[in-house]
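Novice: Have a look at the structure that comes next, please.
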Amino acid sequence: MSQEQKAVARARKAFLTGRSKPLEHRIRQLKNLQRLFVERQTEISDAMKKDLNKSEVGTQLFETLGLEGEINLAIKKLKEWAAPRPVEKNLLTLSDTVYIQPEPLGVVLIIGAWNYPWAVTIQPLIGAMAAGNAAVVKPSEVCAHTSKVMEYLLPIYIDKELYPVVTGGVPETQELLRQRFDHIFYTGNSMVGRLIMEAAAKHLTPVTLELGGKSPCYIDKNCDISIACRRITWGKYTNCGQTCIAPDYILCEPSIQDRVIEEVKKSIEDFYTDNPKTCTDYGRIINQRHFKRIMAMTEDSTVAVGGESDESDCYIAPTVLRDVKPEAKVMQEEIFGPLLPVLPVGGLDEAIKFINQGEKPLALYIFSPDKKVIKRMIDETSSGGVLANDCLVHYSVSTLPFGGVGNSGMGSYHGKFSFDQLSHLRGCLIKELKMEGVNSMRYPPHTPKKLGWARFFILKNPDLGWMGRMALLAILAVVAAVVLQVSYGGREERDINEY
């Protein structure tokens, strides 16, 4: 039996003991996880520095602070989320108990990504723990130092049988995917997402795929271009552009292209100085393979800002490309790096048409003071999420579902959405062995009169208050007696005729 098989088997065995289900246990485990981020920030930050050149402050800001907030929310709301959820009744179920009961799915596989290794790996784990599941955690092997730290720290703070960590590369991931899970949660690219979905299909395992794509950014010529470009610069070059919801490219009218480029250049210097290579807040490309991939994208485009690079340090300066054509190399796939192409378009209509010609992105950004422009962009395009007049920050709103659509993914999470995504929402209806007369309309022999009553009960759905429901219950009791009498009378007549 492989190490991967053993980890899954241990998690399944631990889940079947039932210990992950009590709310007290879930909250205790979540609090233990929270302590990890308070007590082990130095180890976390040191590994992130080695992997992505993230500063300690940057690591807390973009990795662990949001996780602490997510844990706080889950602890505060767990009793409410896990409680039975009453639903609206119809006339036939007016006297019954009808509700949705969230229940754990079982064993969840979480496959994390390397760009924000703590944020995108632990956030779904928080949802899995809150929902009462066991979870096998597979951090990305690409961020090797963080993966080792995660493998070491998680078993110290949370139940190592319920939440085992499996490290390794492609062979280990493939072996995990041969095992049976109750849900697979993957963050990464669409190519691997297809392989995940194919493997999951063999066991009919549901999946959540948090993918990416080319997230467009449209700048209206009437907006405050200086502020717009400052926010776009922050959203684009944070983590050296290695963010799944980073603005991938800018669409703007030719008349403002020079101004846009100039304002982005100013913001780059404000944020990262005139030498970003020496700035502690500017990251590095994860490895040389991705460095070469990104640099190859610039070959047929004009560099307007930046362009400097150092392969030995995996450094690529914040770069802006001007007058980019749709057929340029940089426009053929998600960039996932610090290149910002500017594509001139004739206006809003052309921008919408261009966006709709591509795959549905994970995020869509609009900068405009005009609510009509914003509404048109929302109404006439499709994306996982949409944000007007800022970048990235919708990720931090726990009351919004975060996820893709089409090629950018399926399923969503954050806050209660994580809990629901990793729960089975079980429909429950509890009846009593009373008022059998009402049921007579559904029993043979079927008659037009019974059909008439059935039509009344099924098609009428009045909105009643408490007093109305009490009155209707009394009426139902009378109706039940009438239906029963009709049914009994018909049966008696038939018996006489047969006699």
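By convention here, the chains of the structure tokens are called A, B, ... in the order presented, each chain's residues are numbered starting at 1, and ligands are numbered starting at 1 in the order presented.
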Quick one: residues within 12 Å of Leu30 (chain A), only C-alpha atoms, excluding same-chain residues fewer than 6 positions away - as JSON, numbers by chain?

Specialist: {"A": [20, 23, 24, 36, 37, 67, 68, 69, 70, 71, 72, 73, 74, 75, 76, 78, 122, 123, 125, 126, 127, 128, 129, 130, 131, 132, 154, 157, 158, 159, 163]}

Novice: DSSP on the backbone: which residues in region 27-148 of chain A end up as strand (DSSP E or B)? Give the answer as JSON, numbers by chain.

Specialist: {"A": [85, 86, 97, 98, 99, 100, 101, 102, 103, 104, 107, 108, 109, 110, 111, 134, 135, 136, 137, 138]}

Novice: Which one is closest to Thr205 (chain A): A:Val386, A:Ile225, A:Val165, A:Val108? Count only C-alpha atoms.

Specialist: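 The shortest atom-to-atom distance to Thr205 (chain A) comes from A:Val108.
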
Novice: Could you give me, as a ChimeraX atom specification, the residues within 8 Å of region 344-361 of chain A, counting only C-alpha atoms and dropping anything in the same chain fewer than 3 positions from it?

Specialist: /A:212-216,218,220,251-254,257,323-324,364,373,377,380-384,404-408

Novice: With N, CA, C and O atoms retained, export the selected residues as a CSV table (one decimal), in the first residue's frame.

Specialist:
chain,number,residue,atom,x,y,z
A,212,GLY,N,-8.5,29.9,-13.6
A,212,GLY,CA,-8.0,31.2,-13.9
A,212,GLY,C,-8.4,31.7,-15.2
A,212,GLY,O,-9.6,31.6,-15.6
A,213,GLY,N,-7.5,32.2,-16.0
A,213,GLY,CA,-7.9,32.8,-17.3
A,213,GLY,C,-7.4,34.2,-17.5
A,213,GLY,O,-6.7,34.7,-16.6
A,214,LYS,N,-7.7,34.8,-18.6
A,214,LYS,CA,-7.2,36.1,-18.9
A,214,LYS,C,-8.3,37.1,-18.4
A,214,LYS,O,-9.3,37.4,-19.1
A,215,SER,N,-8.1,37.7,-17.2
A,215,SER,CA,-9.1,38.6,-16.7
A,215,SER,C,-8.9,40.0,-17.3
A,215,SER,O,-7.9,40.7,-17.0
A,216,PRO,N,-9.9,40.5,-18.0
A,216,PRO,CA,-9.8,41.8,-18.7
A,216,PRO,C,-10.0,42.9,-17.8
A,216,PRO,O,-10.7,42.8,-16.7
A,218,TYR,N,-11.2,46.9,-18.4
A,218,TYR,CA,-11.6,48.0,-19.3
A,218,TYR,C,-11.5,49.3,-18.5
A,218,TYR,O,-12.1,49.5,-17.4
A,220,ASP,N,-12.6,53.2,-18.9
A,220,ASP,CA,-13.4,54.2,-19.6
A,220,ASP,C,-12.6,55.5,-19.6
A,220,ASP,O,-12.0,55.9,-18.6
A,251,LEU,N,-7.9,47.1,-21.7
A,251,LEU,CA,-8.6,47.6,-22.9
A,251,LEU,C,-9.0,49.0,-22.7
A,251,LEU,O,-9.6,49.4,-21.7
A,252,CYS,N,-8.5,49.9,-23.6
A,252,CYS,CA,-8.9,51.3,-23.5
A,252,CYS,C,-8.8,51.9,-24.9
A,252,CYS,O,-8.3,51.4,-25.9
A,253,GLU,N,-9.4,53.1,-25.0
A,253,GLU,CA,-9.4,53.8,-26.3
A,253,GLU,C,-8.0,54.3,-26.6
A,253,GLU,O,-7.2,54.7,-25.7
A,254,PRO,N,-7.6,54.4,-27.9
A,254,PRO,CA,-6.3,54.9,-28.3
A,254,PRO,C,-5.9,56.3,-27.7
A,254,PRO,O,-4.8,56.5,-27.4
A,257,GLN,N,-4.3,55.8,-24.3
A,257,GLN,CA,-3.2,54.8,-24.0
A,257,GLN,C,-2.0,55.4,-23.4
A,257,GLN,O,-1.4,54.9,-22.5
A,323,ASP,N,0.2,49.0,-27.6
A,323,ASP,CA,-0.3,48.7,-28.9
A,323,ASP,C,-0.3,47.2,-29.2
A,323,ASP,O,0.0,46.7,-30.3
A,324,VAL,N,-0.7,46.4,-28.3
A,324,VAL,CA,-0.7,44.9,-28.4
A,324,VAL,C,-1.8,44.5,-29.3
A,324,VAL,O,-3.0,45.0,-29.2
A,364,LEU,N,-13.4,40.1,-13.9
A,364,LEU,CA,-13.5,41.1,-14.9
A,364,LEU,C,-13.5,42.5,-14.2
A,364,LEU,O,-14.3,42.7,-13.2
A,373,VAL,N,-22.3,52.4,-17.9
A,373,VAL,CA,-21.2,51.6,-18.5
A,373,VAL,C,-21.0,50.4,-17.7
A,373,VAL,O,-20.8,49.3,-18.2
A,377,MET,N,-21.5,46.4,-19.0
A,377,MET,CA,-20.4,45.4,-18.9
A,377,MET,C,-20.8,44.2,-18.1
A,377,MET,O,-20.5,43.0,-18.5
A,380,GLU,N,-23.7,42.3,-20.2
A,380,GLU,CA,-23.4,41.8,-21.6
A,380,GLU,C,-22.2,40.9,-21.6
A,380,GLU,O,-21.7,40.5,-22.7
A,381,THR,N,-21.6,40.6,-20.5
A,381,THR,CA,-20.5,39.7,-20.4
A,381,THR,C,-20.7,38.6,-19.3
A,381,THR,O,-21.7,38.7,-18.6
A,382,SER,N,-19.8,37.7,-19.2
A,382,SER,CA,-19.9,36.6,-18.2
A,382,SER,C,-18.5,36.4,-17.6
A,382,SER,O,-17.5,36.3,-18.4
A,383,SER,N,-18.4,36.3,-16.3
A,383,SER,CA,-17.1,36.0,-15.6
A,383,SER,C,-17.4,35.4,-14.3
A,383,SER,O,-18.5,35.5,-13.7
A,384,GLY,N,-16.4,34.9,-13.6
A,384,GLY,CA,-16.5,34.3,-12.3
A,384,GLY,C,-17.0,35.4,-11.3
A,384,GLY,O,-17.9,35.2,-10.5
A,404,GLY,N,-15.1,30.4,-10.5
A,404,GLY,CA,-15.1,30.7,-11.9
A,404,GLY,C,-16.4,30.2,-12.6
A,404,GLY,O,-17.3,29.7,-11.9
A,405,VAL,N,-16.4,30.3,-13.9
A,405,VAL,CA,-17.5,29.9,-14.7
A,405,VAL,C,-16.9,29.4,-16.0
A,405,VAL,O,-15.9,30.0,-16.5
A,406,GLY,N,-17.4,28.3,-16.6
A,406,GLY,CA,-16.8,27.8,-17.8
A,406,GLY,C,-15.4,27.4,-17.7
A,406,GLY,O,-15.0,26.7,-16.7
A,407,ASN,N,-14.5,28.0,-18.5
A,407,ASN,CA,-13.1,27.6,-18.5
A,407,ASN,C,-12.3,28.1,-17.3
A,407,ASN,O,-11.2,27.6,-17.0
A,408,SER,N,-12.9,29.0,-16.5
A,408,SER,CA,-12.2,29.5,-15.3
A,408,SER,C,-12.6,28.8,-14.1
A,408,SER,O,-12.2,29.1,-13.0

Novice: So that I can see what lies close to Ser45 (chain A), please list as a list of chain:residue names the residues with an atom at most 9 Å from it, counting only C-alpha atoms and leaving out residues fewer than 2 positions away in the same chain.

Specialist: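 With the cut-off at 9 Å, the set is A:Arg40, A:Gln41, A:Thr42, A:Glu43, A:Ala47, A:Met48, A:Lys49, A:Lys50, A:Lys54, A:Ser55, A:Glu56, A:Val57, A:Gly58, A:Thr59, A:Gln60, A:Thr146.
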
Novice: In Å, with one decimal, what is the gap from CA of Ile268 (chain A) to CA of Ile250 (chain A)?

Specialist: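 Straight-line distance from CA of Ile268 (chain A) to CA of Ile250 (chain A) works out to 15.9 Å.
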
Novice: How many Å separate CA of Leu433 (chain A) from CA of Glu103 (chain A)?

Specialist: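 CA of Leu433 (chain A) sits 26.7 Å away from CA of Glu103 (chain A).
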
Novice: Suppose you want the space between CA of Thr64 (chain A) and CA of Cys229 (chain A); what is it in Å?

Specialist: 27.1 Å

Novice: Show me, as a list in words, the residues that have an atom within 7 Å of Ala83 (chain A) when counting only C-alpha atoms, minus same-chain residues fewer than 3 positions from it.

Specialist: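 Counting only the stated atoms, we get Lys79, Glu80 and Gln101 of chain A.
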
Novice: Please write the residues from the selection above to a file, keeping N, CA and C atoms, as a PDB file, in the first residue's frame.

Specialist:
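For reference, part.pdb as written:
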ATOM      1  N   LYS A  79     -22.472  27.332  14.325  1.00  0.00           N
ATOM      2  CA  LYS A  79     -23.734  26.801  14.859  1.00  0.00           C
ATOM      3  C   LYS A  79     -24.896  27.156  13.944  1.00  0.00           C
ATOM      4  N   GLU A  80     -24.885  28.373  13.419  1.00  0.00           N
ATOM      5  CA  GLU A  80     -25.940  28.824  12.504  1.00  0.00           C
ATOM      6  C   GLU A  80     -25.871  28.077  11.174  1.00  0.00           C
ATOM      7  N   GLN A 101     -30.918  19.758   6.084  1.00  0.00           N
ATOM      8  CA  GLN A 101     -29.923  19.449   7.113  1.00  0.00           C
ATOM      9  C   GLN A 101     -28.545  19.314   6.469  1.00  0.00           C
TER      10      GLN A 101
END

Novice: Counting only C-alpha atoms, figure out which residue out of A:Ser255, A:Gln29, A:Thr167, A:Ser267 gets nearest to Ile219 (chain A).

Specialist: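 So, comparing all the options, the nearest one is A:Ser255.
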
Novice: I need the residue nearest Gln332 (chain A) from this list: A:Ser147, A:Gly427, A:Asp379, A:Asp248. Use only C-alpha atoms for the distance.

Specialist: A:Asp248

Novice: Counting only C-alpha atoms, figure out which residue out of A:Gly193, A:Gly306, A:Pro338, A:Pro326 gets nearest to Phe291 (chain A).

Specialist: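 Using only C-alpha atoms, Phe291 (chain A) sits closest to A:Pro338.
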